$ cat entry.txt   # compact mmCIF, C-alpha atoms
# COMPACT_ATOMS: atom_id res chain seq x y z
CA MET A 1 14.82 13.06 3.84
CA LEU A 2 13.79 9.41 4.24
CA LEU A 3 15.61 8.93 7.54
CA GLU A 4 13.96 12.05 8.94
CA LEU A 5 10.53 10.67 8.03
CA HIS A 6 10.95 7.34 9.77
CA GLU A 7 10.30 8.22 13.41
CA PRO A 8 7.23 10.41 12.83
CA VAL A 9 5.69 7.83 10.47
CA VAL A 10 6.25 5.04 12.98
CA ALA A 11 4.82 7.14 15.82
CA LEU A 12 1.72 7.86 13.73
CA MET A 13 1.19 4.21 12.80
CA ARG A 14 1.55 3.11 16.42
CA GLN A 15 -0.89 5.78 17.52
CA VAL A 16 -3.46 4.74 14.93
CA GLY A 17 -3.05 1.10 15.89
CA ARG A 18 -3.48 1.87 19.58
CA ASP A 19 -6.28 4.44 19.41
CA ILE A 20 -8.33 3.39 16.38
CA VAL A 21 -7.63 -0.16 15.22
CA MET A 22 -7.25 -2.15 18.41
CA PRO A 23 -10.27 -0.68 20.25
CA ARG A 24 -12.43 -1.97 17.34
CA TYR A 25 -10.83 -5.43 17.25
CA ARG A 26 -13.43 -8.03 18.27
CA ASN A 27 -15.67 -5.11 19.11
CA LEU A 28 -17.46 -4.45 15.81
CA THR A 29 -21.21 -4.46 15.35
CA ALA A 30 -22.80 -5.84 12.19
CA ASP A 31 -23.58 -2.38 10.85
CA GLN A 32 -19.88 -1.43 11.13
CA ILE A 33 -18.85 -4.08 8.56
CA SER A 34 -19.72 -3.97 4.87
CA GLU A 35 -18.64 -5.71 1.69
CA LYS A 36 -17.24 -3.57 -1.14
CA ALA A 37 -17.11 -6.59 -3.44
CA ALA A 38 -17.07 -10.36 -3.04
CA ASN A 39 -14.59 -11.22 -0.27
CA ASP A 40 -13.53 -7.58 0.00
CA PHE A 41 -14.61 -6.13 3.33
CA VAL A 42 -14.39 -2.70 4.90
CA THR A 43 -15.09 -1.70 8.49
CA ILE A 44 -15.52 1.53 10.35
CA ALA A 45 -11.99 0.98 11.67
CA ASP A 46 -10.57 0.95 8.10
CA LYS A 47 -12.24 4.26 7.35
CA GLU A 48 -11.24 5.94 10.61
CA SER A 49 -7.68 4.61 10.34
CA GLU A 50 -7.25 5.93 6.80
CA ILE A 51 -8.56 9.38 7.71
CA ARG A 52 -6.14 9.68 10.62
CA LEU A 53 -3.20 8.30 8.64
CA ALA A 54 -3.89 10.62 5.70
CA GLU A 55 -4.07 13.65 7.98
CA GLY A 56 -0.90 12.69 9.83
CA LEU A 57 1.14 11.79 6.76
CA THR A 58 0.15 15.02 5.03
CA ALA A 59 1.36 16.94 8.08
CA ILE A 60 4.66 15.02 7.99
CA LEU A 61 5.25 15.62 4.26
CA PRO A 62 2.84 18.18 2.79
CA ASP A 63 4.37 17.94 -0.69
CA ALA A 64 3.17 14.35 -1.12
CA GLY A 65 -0.28 13.35 -2.31
CA VAL A 66 -2.26 10.58 -0.62
CA ILE A 67 -3.56 7.40 -2.20
CA GLY A 68 -5.57 5.35 0.26
CA GLU A 69 -7.46 2.13 -0.30
CA GLU A 70 -10.77 3.43 0.99
CA ALA A 71 -10.49 6.76 -0.80
CA CYS A 72 -9.92 4.86 -4.05
CA ALA A 73 -12.94 2.67 -3.32
CA ALA A 74 -15.03 5.84 -3.11
CA ASP A 75 -13.34 7.53 -6.09
CA PRO A 76 -11.46 5.11 -8.39
CA THR A 77 -9.93 7.99 -10.39
CA ILE A 78 -7.54 8.63 -7.48
CA LEU A 79 -5.76 5.40 -8.39
CA ASP A 80 -4.93 6.81 -11.82
CA ARG A 81 -2.18 8.96 -10.32
CA ALA A 82 -0.57 6.19 -8.24
CA GLY A 83 2.50 6.16 -10.47
CA GLU A 84 2.74 9.93 -10.86
CA GLY A 85 4.73 12.18 -8.55
CA LEU A 86 5.32 11.86 -4.82
CA ASN A 87 2.57 9.99 -2.96
CA TRP A 88 1.86 8.37 0.35
CA ILE A 89 0.18 5.00 -0.20
CA ILE A 90 -2.03 3.76 2.63
CA ASP A 91 -3.59 0.44 3.53
CA PRO A 92 -5.38 1.38 6.75
CA ILE A 93 -6.03 -2.23 7.73
CA ASP A 94 -4.59 -4.97 5.54
CA GLY A 95 -6.34 -8.26 6.17
CA THR A 96 -9.70 -6.64 6.84
CA GLY A 97 -11.51 -9.96 6.40
CA ASN A 98 -9.49 -11.40 9.27
CA PHE A 99 -9.94 -8.28 11.37
CA ALA A 100 -13.70 -8.22 10.82
CA SER A 101 -13.91 -11.88 11.85
CA GLY A 102 -11.97 -11.21 15.04
CA ASN A 103 -8.94 -13.18 13.90
CA PRO A 104 -5.28 -12.40 13.17
CA PRO A 105 -3.32 -11.52 11.15
CA PHE A 106 -3.88 -7.95 10.05
CA GLY A 107 -1.69 -4.90 9.80
CA ILE A 108 -1.26 -1.27 8.81
CA MET A 109 0.81 -0.57 5.69
CA VAL A 110 2.26 2.74 4.53
CA ALA A 111 4.61 3.46 1.64
CA LEU A 112 6.12 6.55 0.07
CA ALA A 113 6.48 6.39 -3.69
CA ASP A 114 7.89 8.76 -6.26
CA GLY A 115 6.54 7.95 -9.68
CA GLY A 116 6.77 4.21 -10.08
CA ALA A 117 9.47 3.72 -7.43
CA THR A 118 8.81 2.93 -3.79
CA LEU A 119 11.19 4.97 -1.64
CA ALA A 120 10.18 3.63 1.77
CA GLY A 121 7.67 1.27 3.30
CA TRP A 122 6.37 0.43 6.76
CA ILE A 123 4.35 -2.63 7.89
CA PHE A 124 3.00 -2.54 11.44
CA ASP A 125 1.27 -5.37 13.29
CA PRO A 126 -0.77 -3.71 16.05
CA LEU A 127 -1.41 -7.07 17.76
CA THR A 128 2.23 -7.95 18.34
CA GLY A 129 3.88 -4.57 17.92
CA ARG A 130 6.15 -5.90 15.17
CA LEU A 131 7.35 -3.16 12.84
CA CYS A 132 8.92 -4.01 9.49
CA HIS A 133 10.36 -1.20 7.42
CA ALA A 134 12.61 -0.68 4.43
CA MET A 135 14.14 2.23 2.60
CA LEU A 136 15.40 2.17 -0.95
CA GLY A 137 19.10 1.43 -0.76
CA GLY A 138 18.95 1.27 3.03
CA GLY A 139 18.09 -2.36 3.74
CA SER A 140 15.20 -3.91 5.64
CA HIS A 141 14.59 -3.88 9.36
CA VAL A 142 12.34 -5.63 11.89
CA ASN A 143 11.89 -3.78 15.16
CA GLY A 144 14.95 -1.71 14.37
CA GLU A 145 17.27 -4.64 13.59
CA GLN A 146 18.50 -5.10 10.04
CA VAL A 147 17.44 -8.42 8.53
CA GLN A 148 18.47 -10.56 5.58
CA ALA A 149 15.94 -12.76 3.85
CA ARG A 150 16.51 -16.45 4.47
CA GLU A 151 15.09 -19.59 2.93
CA SER A 152 13.09 -22.05 5.00
CA ASP A 153 14.73 -25.31 6.03
CA GLY A 154 12.04 -27.74 4.86
CA ASP A 155 12.59 -30.65 2.48
CA LEU A 156 10.80 -28.63 -0.22
CA PRO A 157 10.49 -24.86 -0.54
CA ILE A 158 7.32 -23.56 1.08
CA ALA A 159 4.90 -21.79 -1.23
CA ALA A 160 1.91 -19.68 -0.19
CA ILE A 161 -0.02 -18.98 -3.37
CA SER A 162 -2.94 -16.57 -3.38
CA THR A 163 -5.58 -18.07 -5.66
CA ILE A 164 -8.49 -15.94 -4.40
CA PHE A 165 -8.56 -13.78 -7.53
CA MET A 166 -7.68 -16.57 -9.99
CA GLY A 167 -10.14 -18.36 -12.24
CA VAL A 168 -10.91 -22.04 -11.71
CA GLU A 169 -8.62 -23.26 -14.50
CA GLU A 170 -5.77 -20.94 -13.52
CA ARG A 171 -6.03 -22.09 -9.91
CA ALA A 172 -6.01 -25.79 -10.86
CA ASP A 173 -3.02 -25.31 -13.16
CA MET A 174 -1.07 -23.49 -10.43
CA GLU A 175 -1.75 -26.23 -7.89
CA SER A 176 -0.83 -28.97 -10.37
CA ARG A 177 2.48 -27.33 -11.29
CA SER A 178 3.38 -26.99 -7.60
CA GLN A 179 3.06 -30.68 -6.77
CA ALA A 180 6.35 -32.33 -5.67
CA ILE A 181 8.16 -29.05 -6.25
CA PHE A 182 6.83 -26.98 -3.36
CA THR A 183 5.10 -27.61 -0.08
CA LEU A 184 1.86 -25.66 -0.39
CA VAL A 185 0.59 -23.84 2.68
CA ASP A 186 -2.43 -21.67 3.33
CA ILE A 187 -2.09 -17.96 2.75
CA PRO A 188 -2.74 -15.64 5.70
CA ARG A 189 -5.04 -13.49 3.53
CA CYS A 190 -2.95 -10.54 4.65
CA ALA A 191 -0.04 -9.08 2.68
CA ALA A 192 1.14 -7.37 5.87
CA GLU A 193 1.89 -10.87 7.18
CA GLN A 194 2.80 -12.61 3.92
CA TYR A 195 5.69 -10.32 3.02
CA PRO A 196 7.44 -10.68 6.40
CA ARG A 197 7.09 -14.46 6.12
CA LEU A 198 9.20 -14.38 2.94
CA VAL A 199 12.01 -12.63 4.78
CA LEU A 200 11.84 -14.43 8.12
CA GLY A 201 12.27 -18.01 6.83
CA GLN A 202 8.64 -19.05 7.17
CA ASN A 203 7.67 -19.07 3.47
CA ASP A 204 9.84 -19.23 0.38
CA VAL A 205 7.50 -18.25 -2.43
CA SER A 206 4.34 -16.19 -2.75
CA VAL A 207 2.24 -15.56 -5.85
CA PHE A 208 -0.17 -12.63 -5.92
CA ALA A 209 -2.73 -12.40 -8.71
CA ARG A 210 -4.15 -8.95 -7.94
CA VAL A 211 -1.63 -6.13 -7.66
CA LEU A 212 -2.87 -2.95 -5.99
CA PRO A 213 -0.33 -0.45 -4.66
CA TRP A 214 -1.49 -0.40 -1.03
CA ASP A 215 -1.11 -4.20 -0.85
CA HIS A 216 2.36 -4.42 -2.37
CA ALA A 217 4.38 -1.19 -2.40
CA ALA A 218 5.73 -1.55 1.14
CA GLY A 219 6.03 -5.34 1.07
CA ALA A 220 7.83 -5.68 -2.26
CA LEU A 221 10.42 -3.12 -1.16
CA PHE A 222 10.84 -4.92 2.18
CA VAL A 223 11.57 -8.25 0.45
CA ASN A 224 13.93 -6.78 -2.14
CA GLU A 225 15.89 -4.68 0.34
CA ALA A 226 16.31 -7.78 2.52
CA GLY A 227 17.97 -9.61 -0.38
CA GLY A 228 14.93 -11.56 -1.49
CA CYS A 229 13.28 -11.05 -4.85
CA CYS A 230 9.89 -9.61 -5.70
CA GLN A 231 9.19 -8.94 -9.38
CA ARG A 232 6.53 -9.17 -12.03
CA LEU A 233 6.04 -12.59 -13.57
CA ASP A 234 8.20 -11.68 -16.58
CA GLY A 235 11.11 -10.66 -14.35
CA SER A 236 10.55 -6.92 -14.67
CA PRO A 237 10.59 -4.74 -11.56
CA TYR A 238 7.44 -4.01 -9.63
CA VAL A 239 6.29 -0.49 -10.52
CA VAL A 240 3.77 1.38 -8.42
CA GLY A 241 0.74 2.25 -10.52
CA ASP A 242 1.08 -0.73 -12.87
CA LEU A 243 -2.11 -2.66 -12.14
CA SER A 244 -1.48 -5.57 -14.51
CA ARG A 245 -1.99 -8.95 -12.89
CA GLY A 246 0.70 -11.07 -11.31
CA LEU A 247 3.51 -10.57 -8.81
CA LEU A 248 5.98 -13.19 -7.59
CA GLY A 249 7.92 -12.88 -4.36
CA ALA A 250 10.61 -15.22 -3.05
CA SER A 251 13.05 -15.43 -0.18
CA SER A 252 16.00 -15.56 -2.60
CA PRO A 253 16.70 -14.88 -6.28
CA ARG A 254 17.41 -18.60 -6.68
CA LEU A 255 13.96 -19.55 -5.50
CA TRP A 256 12.37 -16.77 -7.54
CA ASP A 257 13.89 -18.32 -10.67
CA LYS A 258 12.74 -21.80 -9.61
CA ALA A 259 9.20 -20.60 -9.01
CA ALA A 260 9.04 -18.59 -12.22
CA THR A 261 10.15 -21.52 -14.39
CA THR A 262 8.00 -24.04 -12.53
CA LEU A 263 4.77 -22.07 -12.28
CA PHE A 264 4.70 -19.81 -15.32
CA VAL A 265 6.78 -21.21 -18.18
$ encode --input "entry.txt" --output "structure tokens"
Amino acid sequence: MLLELHEPVVALMRQVGRDIVMPRYRNLTADQISEKAANDFVTIADKESEIRLAEGLTAILPDAGVIGEEACAADPTILDRAGEGLNWIIDPIDGTGNFASGNPPFGIMVALADGGATLAGWIFDPLTGRLCHAMLGGGSHVNGEQVQARESDGDLPIAAISTIFMGVEERADMESRSQAIFTLVDIPRCAAEQYPRLVLGQNDVSVFARVLPWDHAAGALFVNEAGGCCQRLDGSPYVVGDLSRGLLGASSPRLWDKAATTLFV
């Protein structure tokens, strides 16, 4: 079933990127951008993208429910069933803050989950055309080529740590623990870019404080299927629908262990 879904899902994501997302890029008016919460933006393109993706994914697999970021913003009870049954999970534009500012990166993310397990995930960059996808037990691919996660070649492992949703003390402690162990770099404020960086040798470690399914279902599967490691902070698997804080991704199991013992023990 998963292999049969791949081509129609990709075609839909490319269509949405071409017809809805890109025409709005650097072409938004002030009244087409709003703030759902502090540093959490939504644009008319997010809303239009999610509607089209939801319609298209339902047509591709009618038996699956739909859990979209903007639908959950309007009705938070939808999120309660994220870990129940077969569901499409949609992030219509990941990195909306970047998109609204007219800057890269941003992307479209789609995952298919059954209960707590992610079966497949797709991450599409409409600016570059890069498509990352993974299927459970089927490996990870970039533009159709299978990839294996690789560590960076710097003197120290490269860590991109998202502190946006951390408290002041938690943020200071994280930065202090990282000194001389990791080279800290800025986050792209876009999971659709951060997860590929872990696989493609650009970053070695990423820490995410807030864990919402549309941000992480596709990306965590992509890293794990590529041979990297993305787990909860206690080493348990990432489960769709578990909204407890904290997720740690790394380009290898070795570096996951190093990060876990350095940053959280």
$ atom_distance --input "entry.txt" --atom1 "atom CA of A:Trp214" --atom2 "atom CA of A:Ile164"
17.4 Å
$ closest_residue --input "entry.txt" --among "A:Arg52, A:Arg14, A:Lys36, A:Arg254" --to "A:Cys229" --atoms "all atoms listed in the file"
A:Arg254
$ closest_residue --input "entry.txt" --among "A:Gly241, A:Gly95, A:Gly227, A:Gly17" --to "A:Val42" --atoms "all atoms listed in the file"
A:Gly95
$ closest_residue --input "entry.txt" --among "A:Ala38, A:Leu12, A:Ala217, A:Met1" --to "A:Pro237" --atoms "only C-alpha atoms"
A:Ala217
$ closest_atom_pairs --input "entry.txt" --of "stretch 25-84 of chain A" --to "stretch 109-129 of chain A" --cutoff "9 Å" --atoms "all atoms listed in the file" --output "tab-separated table"
residue	atom	partner	partner_atom	distance
A:Leu53	CA	A:Val110	CA	8.8
A:Ala64	CA	A:Leu112	CA	8.4
A:Arg81	CA	A:Gly115	CA	8.8
A:Ala82	CA	A:Gly115	CA	7.5
A:Gly83	CA	A:Gly115	CA	4.5
A:Glu84	CA	A:Gly115	CA	4.4
$ build_atoms --input "entry.txt" --residues "stretch 111-131 of chain A" --atoms "N, CA, C and O atoms" --output "PDB file, in the coordinates of the input"
ATOM      1  N   ALA A 111       3.432   3.341   2.516  1.00  0.00           N
ATOM      2  CA  ALA A 111       4.610   3.460   1.640  1.00  0.00           C
ATOM      3  C   ALA A 111       4.686   4.884   1.109  1.00  0.00           C
ATOM      4  O   ALA A 111       3.675   5.596   1.026  1.00  0.00           O
ATOM      5  N   LEU A 112       5.886   5.280   0.757  1.00  0.00           N
ATOM      6  CA  LEU A 112       6.120   6.550   0.070  1.00  0.00           C
ATOM      7  C   LEU A 112       6.704   6.233  -1.291  1.00  0.00           C
ATOM      8  O   LEU A 112       7.734   5.553  -1.384  1.00  0.00           O
ATOM      9  N   ALA A 113       6.037   6.683  -2.331  1.00  0.00           N
ATOM     10  CA  ALA A 113       6.480   6.390  -3.690  1.00  0.00           C
ATOM     11  C   ALA A 113       6.677   7.674  -4.473  1.00  0.00           C
ATOM     12  O   ALA A 113       5.962   8.661  -4.274  1.00  0.00           O
ATOM     13  N   ASP A 114       7.639   7.643  -5.349  1.00  0.00           N
ATOM     14  CA  ASP A 114       7.890   8.760  -6.260  1.00  0.00           C
ATOM     15  C   ASP A 114       7.819   8.208  -7.672  1.00  0.00           C
ATOM     16  O   ASP A 114       8.690   7.441  -8.094  1.00  0.00           O
ATOM     17  N   GLY A 115       6.770   8.573  -8.384  1.00  0.00           N
ATOM     18  CA  GLY A 115       6.540   7.950  -9.680  1.00  0.00           C
ATOM     19  C   GLY A 115       6.288   6.470  -9.468  1.00  0.00           C
ATOM     20  O   GLY A 115       5.514   6.065  -8.612  1.00  0.00           O
ATOM     21  N   GLY A 116       6.973   5.648 -10.214  1.00  0.00           N
ATOM     22  CA  GLY A 116       6.770   4.210 -10.080  1.00  0.00           C
ATOM     23  C   GLY A 116       7.636   3.547  -9.032  1.00  0.00           C
ATOM     24  O   GLY A 116       7.516   2.350  -8.801  1.00  0.00           O
ATOM     25  N   ALA A 117       8.516   4.304  -8.375  1.00  0.00           N
ATOM     26  CA  ALA A 117       9.470   3.720  -7.430  1.00  0.00           C
ATOM     27  C   ALA A 117       9.026   3.907  -5.993  1.00  0.00           C
ATOM     28  O   ALA A 117       8.666   5.016  -5.589  1.00  0.00           O
ATOM     29  N   THR A 118       9.077   2.837  -5.223  1.00  0.00           N
ATOM     30  CA  THR A 118       8.810   2.930  -3.790  1.00  0.00           C
ATOM     31  C   THR A 118      10.083   3.348  -3.081  1.00  0.00           C
ATOM     32  O   THR A 118      11.111   2.675  -3.176  1.00  0.00           O
ATOM     33  N   LEU A 119      10.020   4.452  -2.358  1.00  0.00           N
ATOM     34  CA  LEU A 119      11.190   4.970  -1.640  1.00  0.00           C
ATOM     35  C   LEU A 119      11.315   4.385  -0.246  1.00  0.00           C
ATOM     36  O   LEU A 119      12.416   4.190   0.260  1.00  0.00           O
ATOM     37  N   ALA A 120      10.174   4.144   0.405  1.00  0.00           N
ATOM     38  CA  ALA A 120      10.180   3.630   1.770  1.00  0.00           C
ATOM     39  C   ALA A 120       8.856   2.933   2.040  1.00  0.00           C
ATOM     40  O   ALA A 120       7.831   3.252   1.429  1.00  0.00           O
ATOM     41  N   GLY A 121       8.892   1.980   2.950  1.00  0.00           N
ATOM     42  CA  GLY A 121       7.670   1.270   3.300  1.00  0.00           C
ATOM     43  C   GLY A 121       7.701   0.823   4.750  1.00  0.00           C
ATOM     44  O   GLY A 121       8.768   0.505   5.294  1.00  0.00           O
ATOM     45  N   TRP A 122       6.528   0.819   5.366  1.00  0.00           N
ATOM     46  CA  TRP A 122       6.370   0.430   6.760  1.00  0.00           C
ATOM     47  C   TRP A 122       5.201  -0.550   6.885  1.00  0.00           C
ATOM     48  O   TRP A 122       4.140  -0.335   6.302  1.00  0.00           O
ATOM     49  N   ILE A 123       5.386  -1.623   7.654  1.00  0.00           N
ATOM     50  CA  ILE A 123       4.350  -2.630   7.890  1.00  0.00           C
ATOM     51  C   ILE A 123       4.268  -2.841   9.392  1.00  0.00           C
ATOM     52  O   ILE A 123       5.219  -3.342  10.009  1.00  0.00           O
ATOM     53  N   PHE A 124       3.142  -2.480   9.983  1.00  0.00           N
ATOM     54  CA  PHE A 124       3.000  -2.540  11.440  1.00  0.00           C
ATOM     55  C   PHE A 124       1.900  -3.516  11.828  1.00  0.00           C
ATOM     56  O   PHE A 124       0.784  -3.458  11.318  1.00  0.00           O
ATOM     57  N   ASP A 125       2.236  -4.424  12.739  1.00  0.00           N
ATOM     58  CA  ASP A 125       1.270  -5.370  13.290  1.00  0.00           C
ATOM     59  C   ASP A 125       0.839  -4.851  14.659  1.00  0.00           C
ATOM     60  O   ASP A 125       1.602  -4.938  15.628  1.00  0.00           O
ATOM     61  N   PRO A 126      -0.361  -4.296  14.768  1.00  0.00           N
ATOM     62  CA  PRO A 126      -0.770  -3.710  16.050  1.00  0.00           C
ATOM     63  C   PRO A 126      -1.058  -4.745  17.138  1.00  0.00           C
ATOM     64  O   PRO A 126      -1.116  -4.392  18.311  1.00  0.00           O
ATOM     65  N   LEU A 127      -1.202  -6.017  16.766  1.00  0.00           N
ATOM     66  CA  LEU A 127      -1.410  -7.070  17.760  1.00  0.00           C
ATOM     67  C   LEU A 127      -0.120  -7.409  18.494  1.00  0.00           C
ATOM     68  O   LEU A 127      -0.111  -7.567  19.721  1.00  0.00           O
ATOM     69  N   THR A 128       0.959  -7.539  17.754  1.00  0.00           N
ATOM     70  CA  THR A 128       2.230  -7.950  18.340  1.00  0.00           C
ATOM     71  C   THR A 128       3.206  -6.801  18.545  1.00  0.00           C
ATOM     72  O   THR A 128       4.196  -6.942  19.266  1.00  0.00           O
ATOM     73  N   GLY A 129       2.949  -5.689  17.878  1.00  0.00           N
ATOM     74  CA  GLY A 129       3.880  -4.570  17.920  1.00  0.00           C
ATOM     75  C   GLY A 129       5.028  -4.685  16.949  1.00  0.00           C
ATOM     76  O   GLY A 129       5.910  -3.814  16.922  1.00  0.00           O
ATOM     77  N   ARG A 130       5.047  -5.734  16.125  1.00  0.00           N
ATOM     78  CA  ARG A 130       6.150  -5.900  15.170  1.00  0.00           C
ATOM     79  C   ARG A 130       6.102  -4.819  14.095  1.00  0.00           C
ATOM     80  O   ARG A 130       5.074  -4.579  13.478  1.00  0.00           O
ATOM     81  N   LEU A 131       7.238  -4.191  13.869  1.00  0.00           N
ATOM     82  CA  LEU A 131       7.350  -3.160  12.840  1.00  0.00           C
ATOM     83  C   LEU A 131       8.410  -3.583  11.825  1.00  0.00           C
ATOM     84  O   LEU A 131       9.582  -3.763  12.174  1.00  0.00           O
TER      85      LEU A 131
END
